[in-house]
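Down below is the structure, laid out as structure tokens.
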Amino acid sequence: MLRVPREDFIPSHYRDYAYMEVPLPIPGRNATISCPHSYPLFYEALNLDRGDKFLEVGAGSGYGAALAREIVGSEGYVVTVEIDPETYRFAKENLYKLGYTDIEIVLGDGSYGYPAKAPYDKICITASCRRIPEPLIRQLKPNGRLITPMGPPNSEQDLVLLVKGSDGELKISYIDKVLYVPLRGPYGY
Ligand code: SAH
């Protein structure tokens, strides 16, 4: 987090608030950059580590993808999918300006994942779903982990962690209460 300048992922009129513990609006419908502490909350539970192949659903500002890139290092890989074309352009510009040209940024519905680079070690959904999208579970490696907020918009949601066993068995645990924008599409709201 010390390496990635959060202020460069925020529209200029909100830059002064870059390090406050609040989500901030970014271009697009319903898009925000999440509050700072949510990134370690998600990535520590995921056990995101050097060499991981990582998929993010909801690129938003691009900040989460940049942090992930710093963690997985050059042996790892980061793909981020964004459904809103205006937000997608914002993420892409931010990441390119800062030199994160090796992050793959995809425009589309991330609840279907990104089969071209599957399977993934870790998957992070940064919008609140109704149920965990099955395509994402399929695109997770054995011993892989997926984290997502679950629950309706505008009320506290459960942050849940799904761990896929080496035999494909799924275990879900509760991490914390969070407040995220709704996931769009058939698995969201
Ligand atoms: N991770 C982002 C914050 C994301 S906010 C960051 O670090 O800034 C949630 C984002 O999810 C919004 O940009 C929203 O447009 C996007 N989104 C919602 N539903 C989606 C879907 N089905 N597929 C991909 N992106 C989606």
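Going through the structure tokens in order, the chains are called A, B, and so on, while each chain numbers its residues from 1 and the ligands are numbered from 1 in the order shown.
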Practice item. Write as a VMD selection string the residues around ligand 1, taking 7 Å as the cut-off and counting only C-alpha atoms and all ligand atoms. Key: chain A and resid 28 to 34 57 to 65 81 to 84 87 108 to 111 126 to 127 181 to 185
Take the residues just selected and output them with N, CA, C and O atoms as a compact mmCIF listing (two decimals), in the first residue's frame.
```
# COMPACT_ATOMS: atom_id res chain seq x y z
N GLY A 28 -18.75 6.39 -13.69
CA GLY A 28 -19.55 5.20 -13.99
C GLY A 28 -20.73 5.10 -13.05
O GLY A 28 -20.79 5.80 -12.05
N ARG A 29 -21.66 4.19 -13.37
CA ARG A 29 -22.87 4.03 -12.55
C ARG A 29 -22.52 3.21 -11.33
O ARG A 29 -22.02 2.10 -11.45
N ASN A 30 -22.75 3.79 -10.14
CA ASN A 30 -22.58 3.02 -8.91
C ASN A 30 -21.16 2.61 -8.57
O ASN A 30 -20.97 1.71 -7.76
N ALA A 31 -20.16 3.22 -9.22
CA ALA A 31 -18.79 2.74 -8.97
C ALA A 31 -18.13 3.56 -7.87
O ALA A 31 -18.35 4.77 -7.76
N THR A 32 -17.33 2.89 -7.04
CA THR A 32 -16.56 3.58 -5.99
C THR A 32 -15.19 2.93 -5.88
O THR A 32 -15.03 1.77 -6.26
N ILE A 33 -14.23 3.69 -5.36
CA ILE A 33 -12.99 3.07 -4.88
C ILE A 33 -13.29 2.72 -3.42
O ILE A 33 -13.81 3.55 -2.67
N SER A 34 -13.02 1.49 -3.02
CA SER A 34 -13.38 1.04 -1.67
C SER A 34 -12.50 1.73 -0.64
O SER A 34 -11.44 2.26 -0.95
N VAL A 57 -13.05 -9.20 -9.85
CA VAL A 57 -14.30 -8.83 -10.51
C VAL A 57 -14.70 -7.45 -10.00
O VAL A 57 -14.94 -7.28 -8.81
N GLY A 58 -14.74 -6.46 -10.91
CA GLY A 58 -15.02 -5.08 -10.51
C GLY A 58 -13.73 -4.28 -10.42
O GLY A 58 -13.19 -4.07 -9.34
N ALA A 59 -13.23 -3.84 -11.59
CA ALA A 59 -11.93 -3.12 -11.61
C ALA A 59 -12.04 -1.77 -10.91
O ALA A 59 -11.09 -1.31 -10.29
N GLY A 60 -13.21 -1.12 -11.03
CA GLY A 60 -13.41 0.19 -10.39
C GLY A 60 -12.33 1.17 -10.81
O GLY A 60 -12.13 1.45 -11.99
N SER A 61 -11.56 1.65 -9.83
CA SER A 61 -10.51 2.63 -10.11
C SER A 61 -9.23 1.98 -10.65
O SER A 61 -8.36 2.67 -11.17
N GLY A 62 -9.09 0.66 -10.44
CA GLY A 62 -7.84 -0.01 -10.80
C GLY A 62 -6.91 -0.16 -9.61
O GLY A 62 -5.91 -0.88 -9.67
N TYR A 63 -7.25 0.49 -8.48
CA TYR A 63 -6.37 0.49 -7.31
C TYR A 63 -6.16 -0.92 -6.74
O TYR A 63 -5.03 -1.33 -6.46
N GLY A 64 -7.25 -1.67 -6.62
CA GLY A 64 -7.15 -3.03 -6.08
C GLY A 64 -6.28 -3.92 -6.95
O GLY A 64 -5.52 -4.76 -6.45
N ALA A 65 -6.36 -3.73 -8.25
CA ALA A 65 -5.55 -4.52 -9.19
C ALA A 65 -4.07 -4.15 -9.05
O ALA A 65 -3.19 -5.01 -9.08
N VAL A 81 -11.82 -7.56 -14.29
CA VAL A 81 -12.94 -7.43 -15.22
C VAL A 81 -13.89 -6.34 -14.72
O VAL A 81 -14.25 -6.34 -13.54
N GLU A 82 -14.29 -5.44 -15.60
CA GLU A 82 -15.21 -4.35 -15.24
C GLU A 82 -16.36 -4.31 -16.23
O GLU A 82 -16.16 -4.38 -17.44
N ILE A 83 -17.59 -4.16 -15.71
CA ILE A 83 -18.78 -4.21 -16.57
C ILE A 83 -19.17 -2.84 -17.13
O ILE A 83 -19.80 -2.75 -18.18
N ASP A 84 -18.81 -1.76 -16.45
CA ASP A 84 -19.24 -0.42 -16.87
C ASP A 84 -18.17 0.19 -17.78
O ASP A 84 -17.02 0.34 -17.37
N THR A 87 -16.26 3.24 -16.34
CA THR A 87 -15.37 2.84 -15.24
C THR A 87 -14.17 2.07 -15.79
O THR A 87 -13.03 2.25 -15.34
N GLY A 108 -16.46 -6.41 -19.42
CA GLY A 108 -17.45 -7.48 -19.53
C GLY A 108 -18.07 -7.80 -18.18
O GLY A 108 -17.76 -7.14 -17.18
N ASP A 109 -18.94 -8.81 -18.17
CA ASP A 109 -19.58 -9.25 -16.94
C ASP A 109 -18.67 -10.25 -16.24
O ASP A 109 -18.53 -11.40 -16.68
N GLY A 110 -18.07 -9.81 -15.15
CA GLY A 110 -17.08 -10.62 -14.43
C GLY A 110 -17.69 -11.81 -13.71
O GLY A 110 -16.95 -12.67 -13.24
N SER A 111 -19.02 -11.89 -13.62
CA SER A 111 -19.57 -13.08 -12.94
C SER A 111 -19.35 -14.33 -13.79
O SER A 111 -19.49 -15.44 -13.28
N THR A 126 -15.48 -7.56 -5.93
CA THR A 126 -15.54 -6.31 -5.16
C THR A 126 -16.90 -5.63 -5.31
O THR A 126 -16.99 -4.41 -5.31
N ALA A 127 -17.95 -6.44 -5.45
CA ALA A 127 -19.33 -5.95 -5.46
C ALA A 127 -20.14 -7.06 -4.78
O ALA A 127 -19.70 -8.21 -4.71
N VAL A 181 -21.14 -1.91 -3.34
CA VAL A 181 -22.13 -1.67 -4.39
C VAL A 181 -22.58 -3.04 -4.93
O VAL A 181 -21.85 -4.03 -4.83
N PRO A 182 -23.81 -3.10 -5.49
CA PRO A 182 -24.30 -4.41 -5.95
C PRO A 182 -23.57 -4.93 -7.19
O PRO A 182 -23.20 -4.15 -8.07
N LEU A 183 -23.39 -6.24 -7.23
CA LEU A 183 -22.89 -6.89 -8.44
C LEU A 183 -24.02 -6.85 -9.47
O LEU A 183 -25.16 -7.12 -9.15
N ARG A 184 -23.69 -6.51 -10.71
CA ARG A 184 -24.69 -6.53 -11.77
C ARG A 184 -24.74 -7.92 -12.39
O ARG A 184 -23.78 -8.68 -12.30
N GLY A 185 -25.85 -8.21 -13.05
CA GLY A 185 -25.96 -9.49 -13.77
C GLY A 185 -26.74 -10.52 -12.96
O GLY A 185 -27.26 -10.22 -11.89
```
Point to revise | Neighbour list for A:Thr148 as number ranges by chain, cut-off 6 Å, only C-alpha atoms, skip fewer than 3 positions in-chain | key: A: 125, 159-160
Practice item. Run DSSP on the backbone of this structure and report the residues of stretch 2-149 of chain A it assigns to strand (DSSP E or B), as number ranges by chain. Key: A: 24-25, 32-33, 53-57, 77-82, 104-107, 120-125, 128-129, 140-149
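With only C-alpha atoms as the atoms that count, the residue of A:Thr80, A:Ser128, A:Thr101, A:Asn94 with the shortest distance to A:Gly113 is A:Thr80.
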Practice item. Please indicate the distance in Å from atom CA of A:Glu44 to atom CA of A:Lys122, rounded to one decimal place. Key: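 Value for the atom CA of A:Glu44-atom CA of A:Lys122 distance: 11.3 Å.
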Practice item. Using only C-alpha atoms, pick whichever of A:Gly144, A:Glu134, A:Lys53, A:Leu95 has the shortest atom-to-atom distance to A:Ala118. Key: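 Looking only at the distances to A:Ala118, the closest residue turns out to be A:Lys53.
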Please return, as a compact mmCIF listing (two decimals) with N, CA, C and O atoms, in the first residue's frame, all residues of chain A that DSSP assigns to alpha helix (DSSP H) on the basis of the backbone.
```txt
# COMPACT_ATOMS: atom_id res chain seq x y z
N SER A 38 -10.23 -1.99 3.43
CA SER A 38 -10.90 -3.16 2.86
C SER A 38 -9.94 -4.01 2.02
O SER A 38 -10.12 -5.22 1.89
N TYR A 39 -8.89 -3.39 1.48
CA TYR A 39 -7.97 -4.16 0.62
C TYR A 39 -7.18 -5.19 1.43
O TYR A 39 -7.19 -6.36 1.08
N PRO A 40 -6.50 -4.78 2.53
CA PRO A 40 -5.86 -5.81 3.35
C PRO A 40 -6.86 -6.79 3.97
O PRO A 40 -6.54 -7.97 4.14
N LEU A 41 -8.07 -6.32 4.28
CA LEU A 41 -9.10 -7.23 4.83
C LEU A 41 -9.37 -8.37 3.84
O LEU A 41 -9.41 -9.54 4.21
N PHE A 42 -9.53 -8.01 2.57
CA PHE A 42 -9.80 -9.03 1.54
C PHE A 42 -8.54 -9.86 1.24
O PHE A 42 -8.59 -11.08 1.17
N TYR A 43 -7.40 -9.18 1.03
CA TYR A 43 -6.22 -9.88 0.52
C TYR A 43 -5.57 -10.77 1.59
O TYR A 43 -4.97 -11.78 1.26
N GLU A 44 -5.67 -10.37 2.86
CA GLU A 44 -5.12 -11.23 3.92
C GLU A 44 -5.95 -12.50 4.05
O GLU A 44 -5.40 -13.59 4.19
N ALA A 45 -7.29 -12.36 3.99
CA ALA A 45 -8.15 -13.55 4.09
C ALA A 45 -7.91 -14.47 2.89
O ALA A 45 -7.94 -15.70 3.00
N LEU A 46 -7.66 -13.87 1.73
CA LEU A 46 -7.38 -14.66 0.52
C LEU A 46 -6.02 -15.33 0.59
O LEU A 46 -5.74 -16.25 -0.15
N TYR A 63 -7.25 0.49 -8.48
CA TYR A 63 -6.37 0.49 -7.31
C TYR A 63 -6.16 -0.92 -6.74
O TYR A 63 -5.03 -1.33 -6.46
N GLY A 64 -7.25 -1.67 -6.62
CA GLY A 64 -7.15 -3.03 -6.08
C GLY A 64 -6.28 -3.92 -6.95
O GLY A 64 -5.52 -4.76 -6.45
N ALA A 65 -6.36 -3.73 -8.25
CA ALA A 65 -5.55 -4.52 -9.19
C ALA A 65 -4.07 -4.15 -9.05
O ALA A 65 -3.19 -5.01 -9.08
N ALA A 66 -3.79 -2.85 -8.87
CA ALA A 66 -2.40 -2.41 -8.70
C ALA A 66 -1.80 -2.98 -7.42
O ALA A 66 -0.66 -3.47 -7.42
N LEU A 67 -2.57 -2.95 -6.32
CA LEU A 67 -2.09 -3.54 -5.06
C LEU A 67 -1.80 -5.02 -5.24
O LEU A 67 -0.76 -5.52 -4.80
N ALA A 68 -2.73 -5.71 -5.92
CA ALA A 68 -2.56 -7.16 -6.14
C ALA A 68 -1.30 -7.42 -6.95
O ALA A 68 -0.54 -8.34 -6.67
N ARG A 69 -1.06 -6.58 -7.95
CA ARG A 69 0.13 -6.73 -8.80
C ARG A 69 1.40 -6.62 -7.97
O ARG A 69 2.37 -7.36 -8.19
N GLU A 70 1.41 -5.69 -7.02
CA GLU A 70 2.59 -5.53 -6.14
C GLU A 70 2.78 -6.78 -5.29
O GLU A 70 3.90 -7.15 -4.97
N ILE A 71 1.68 -7.42 -4.89
CA ILE A 71 1.78 -8.60 -4.01
C ILE A 71 2.20 -9.84 -4.80
O ILE A 71 3.09 -10.57 -4.37
N VAL A 72 1.58 -10.07 -5.97
CA VAL A 72 1.87 -11.33 -6.69
C VAL A 72 3.23 -11.28 -7.40
O VAL A 72 3.80 -12.33 -7.69
N PRO A 85 -18.54 0.56 -19.03
CA PRO A 85 -17.53 1.03 -19.98
C PRO A 85 -16.79 2.29 -19.52
O PRO A 85 -15.58 2.41 -19.73
N GLU A 86 -17.51 3.20 -18.83
CA GLU A 86 -16.87 4.43 -18.37
C GLU A 86 -15.87 4.12 -17.24
O GLU A 86 -14.75 4.66 -17.22
N THR A 87 -16.26 3.24 -16.34
CA THR A 87 -15.37 2.84 -15.24
C THR A 87 -14.17 2.07 -15.79
O THR A 87 -13.03 2.25 -15.34
N TYR A 88 -14.43 1.23 -16.77
CA TYR A 88 -13.36 0.45 -17.42
C TYR A 88 -12.29 1.39 -17.98
O TYR A 88 -11.09 1.18 -17.75
N ARG A 89 -12.74 2.46 -18.67
CA ARG A 89 -11.77 3.42 -19.24
C ARG A 89 -10.98 4.10 -18.13
O ARG A 89 -9.77 4.33 -18.26
N PHE A 90 -11.65 4.45 -17.04
CA PHE A 90 -11.01 5.11 -15.89
C PHE A 90 -9.92 4.20 -15.30
O PHE A 90 -8.77 4.63 -15.10
N ALA A 91 -10.27 2.93 -15.08
CA ALA A 91 -9.29 1.98 -14.52
C ALA A 91 -8.09 1.84 -15.44
O ALA A 91 -6.93 1.86 -15.02
N LYS A 92 -8.38 1.70 -16.72
CA LYS A 92 -7.33 1.47 -17.71
C LYS A 92 -6.35 2.66 -17.76
O LYS A 92 -5.13 2.49 -17.73
N GLU A 93 -6.92 3.88 -17.79
CA GLU A 93 -6.08 5.09 -17.82
C GLU A 93 -5.21 5.17 -16.57
O GLU A 93 -4.01 5.45 -16.65
N ASN A 94 -5.82 4.96 -15.41
CA ASN A 94 -5.07 5.05 -14.14
C ASN A 94 -3.91 4.07 -14.13
O ASN A 94 -2.78 4.42 -13.79
N LEU A 95 -4.19 2.83 -14.51
CA LEU A 95 -3.16 1.79 -14.44
C LEU A 95 -2.05 2.05 -15.44
O LEU A 95 -0.87 1.91 -15.12
N TYR A 96 -2.40 2.48 -16.64
CA TYR A 96 -1.38 2.73 -17.67
C TYR A 96 -0.51 3.92 -17.29
O TYR A 96 0.70 3.87 -17.46
N LYS A 97 -1.14 4.98 -16.76
CA LYS A 97 -0.39 6.19 -16.37
C LYS A 97 0.69 5.85 -15.35
O LYS A 97 1.76 6.44 -15.34
N GLU A 134 -21.29 -19.53 -10.11
CA GLU A 134 -20.69 -20.86 -10.34
C GLU A 134 -19.53 -20.82 -11.33
O GLU A 134 -18.55 -21.56 -11.15
N PRO A 135 -19.60 -19.97 -12.38
CA PRO A 135 -18.45 -19.95 -13.29
C PRO A 135 -17.14 -19.59 -12.58
O PRO A 135 -16.07 -20.10 -12.93
N LEU A 136 -17.25 -18.75 -11.54
CA LEU A 136 -16.04 -18.36 -10.81
C LEU A 136 -15.53 -19.53 -9.96
O LEU A 136 -14.32 -19.75 -9.85
N ILE A 137 -16.46 -20.29 -9.38
CA ILE A 137 -16.03 -21.45 -8.58
C ILE A 137 -15.33 -22.46 -9.49
O ILE A 137 -14.30 -23.03 -9.14
N ARG A 138 -15.88 -22.61 -10.71
CA ARG A 138 -15.26 -23.55 -11.66
C ARG A 138 -13.86 -23.09 -12.06
O ARG A 138 -12.98 -23.90 -12.32
```
Practice item. Rounded to one decimal place, report the atom CA of A:Met1-atom CA of A:Gly51 distance in Å. Key: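 Atom CA of A:Gly51 lies at a distance of 18.1 Å from atom CA of A:Met1.
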Point to revise | Which residue of A:Leu179, A:Arg15, A:Cys129, A:Ile123 approaches A:Leu162 most closely, using only C-alpha atoms | key: A:Ile123
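For the pair atom CA of A:Ile26 and atom CA of A:Asp102, the interatomic distance is 22.6 Å.
Nearest residue to A:Arg145, choosing from A:Ile103, A:Pro186, A:Asp52, A:Val79 and counting only C-alpha atoms: A:Asp52.
Proximity to A:Val163 was assessed for A:Pro25, A:Asn47, A:Arg130, A:Leu55 counting only C-alpha atoms; the smallest distance is recorded for A:Asn47.
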Excluding A:Cys124 and any residue of its chain fewer than 6 positions from it, enumerate the residues within 6 Å of it, using only C-alpha atoms, and give them as a PDB file with all heavy atoms, in the first residue's frame.
```pdb
ATOM      1  N   GLU A  56      -9.781 -10.367 -10.403  1.00  0.00           N
ATOM      2  CA  GLU A  56     -10.634  -9.434  -9.669  1.00  0.00           C
ATOM      3  C   GLU A  56     -11.889  -9.173 -10.495  1.00  0.00           C
ATOM      4  O   GLU A  56     -11.790  -8.923 -11.697  1.00  0.00           O
ATOM      5  CB  GLU A  56      -9.886  -8.113  -9.434  1.00  0.00           C
ATOM      6  CG  GLU A  56     -10.733  -7.077  -8.714  1.00  0.00           C
ATOM      7  CD  GLU A  56     -10.066  -5.693  -8.622  1.00  0.00           C
ATOM      8  OE1 GLU A  56      -9.504  -5.234  -9.634  1.00  0.00           O
ATOM      9  OE2 GLU A  56     -10.124  -5.089  -7.553  1.00  0.00           O
ATOM     10  N   LEU A 146     -11.682 -17.801  -2.824  1.00  0.00           N
ATOM     11  CA  LEU A 146     -12.493 -16.724  -3.422  1.00  0.00           C
ATOM     12  C   LEU A 146     -13.119 -15.936  -2.286  1.00  0.00           C
ATOM     13  O   LEU A 146     -13.620 -16.521  -1.319  1.00  0.00           O
ATOM     14  CB  LEU A 146     -13.575 -17.343  -4.305  1.00  0.00           C
ATOM     15  CG  LEU A 146     -14.605 -16.425  -4.984  1.00  0.00           C
ATOM     16  CD1 LEU A 146     -15.147 -17.097  -6.250  1.00  0.00           C
ATOM     17  CD2 LEU A 146     -15.765 -16.035  -4.086  1.00  0.00           C
ATOM     18  N   ILE A 147     -13.088 -14.605  -2.405  1.00  0.00           N
ATOM     19  CA  ILE A 147     -13.714 -13.780  -1.360  1.00  0.00           C
ATOM     20  C   ILE A 147     -14.742 -12.857  -1.997  1.00  0.00           C
ATOM     21  O   ILE A 147     -14.517 -12.343  -3.102  1.00  0.00           O
ATOM     22  CB  ILE A 147     -12.642 -13.013  -0.548  1.00  0.00           C
ATOM     23  CG1 ILE A 147     -13.250 -12.469   0.743  1.00  0.00           C
ATOM     24  CG2 ILE A 147     -11.971 -11.912  -1.353  1.00  0.00           C
ATOM     25  CD1 ILE A 147     -12.218 -12.057   1.776  1.00  0.00           C
TER      26      ILE A 147
END
```
**Study point:** Selected residue of minimal separation from A:Val22 among A:Pro36, A:Ile175, A:Val106, A:Asp8, counting only C-alpha atoms
**Key:**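 Using only C-alpha atoms, the shortest distance to A:Val22 belongs to A:Pro36.
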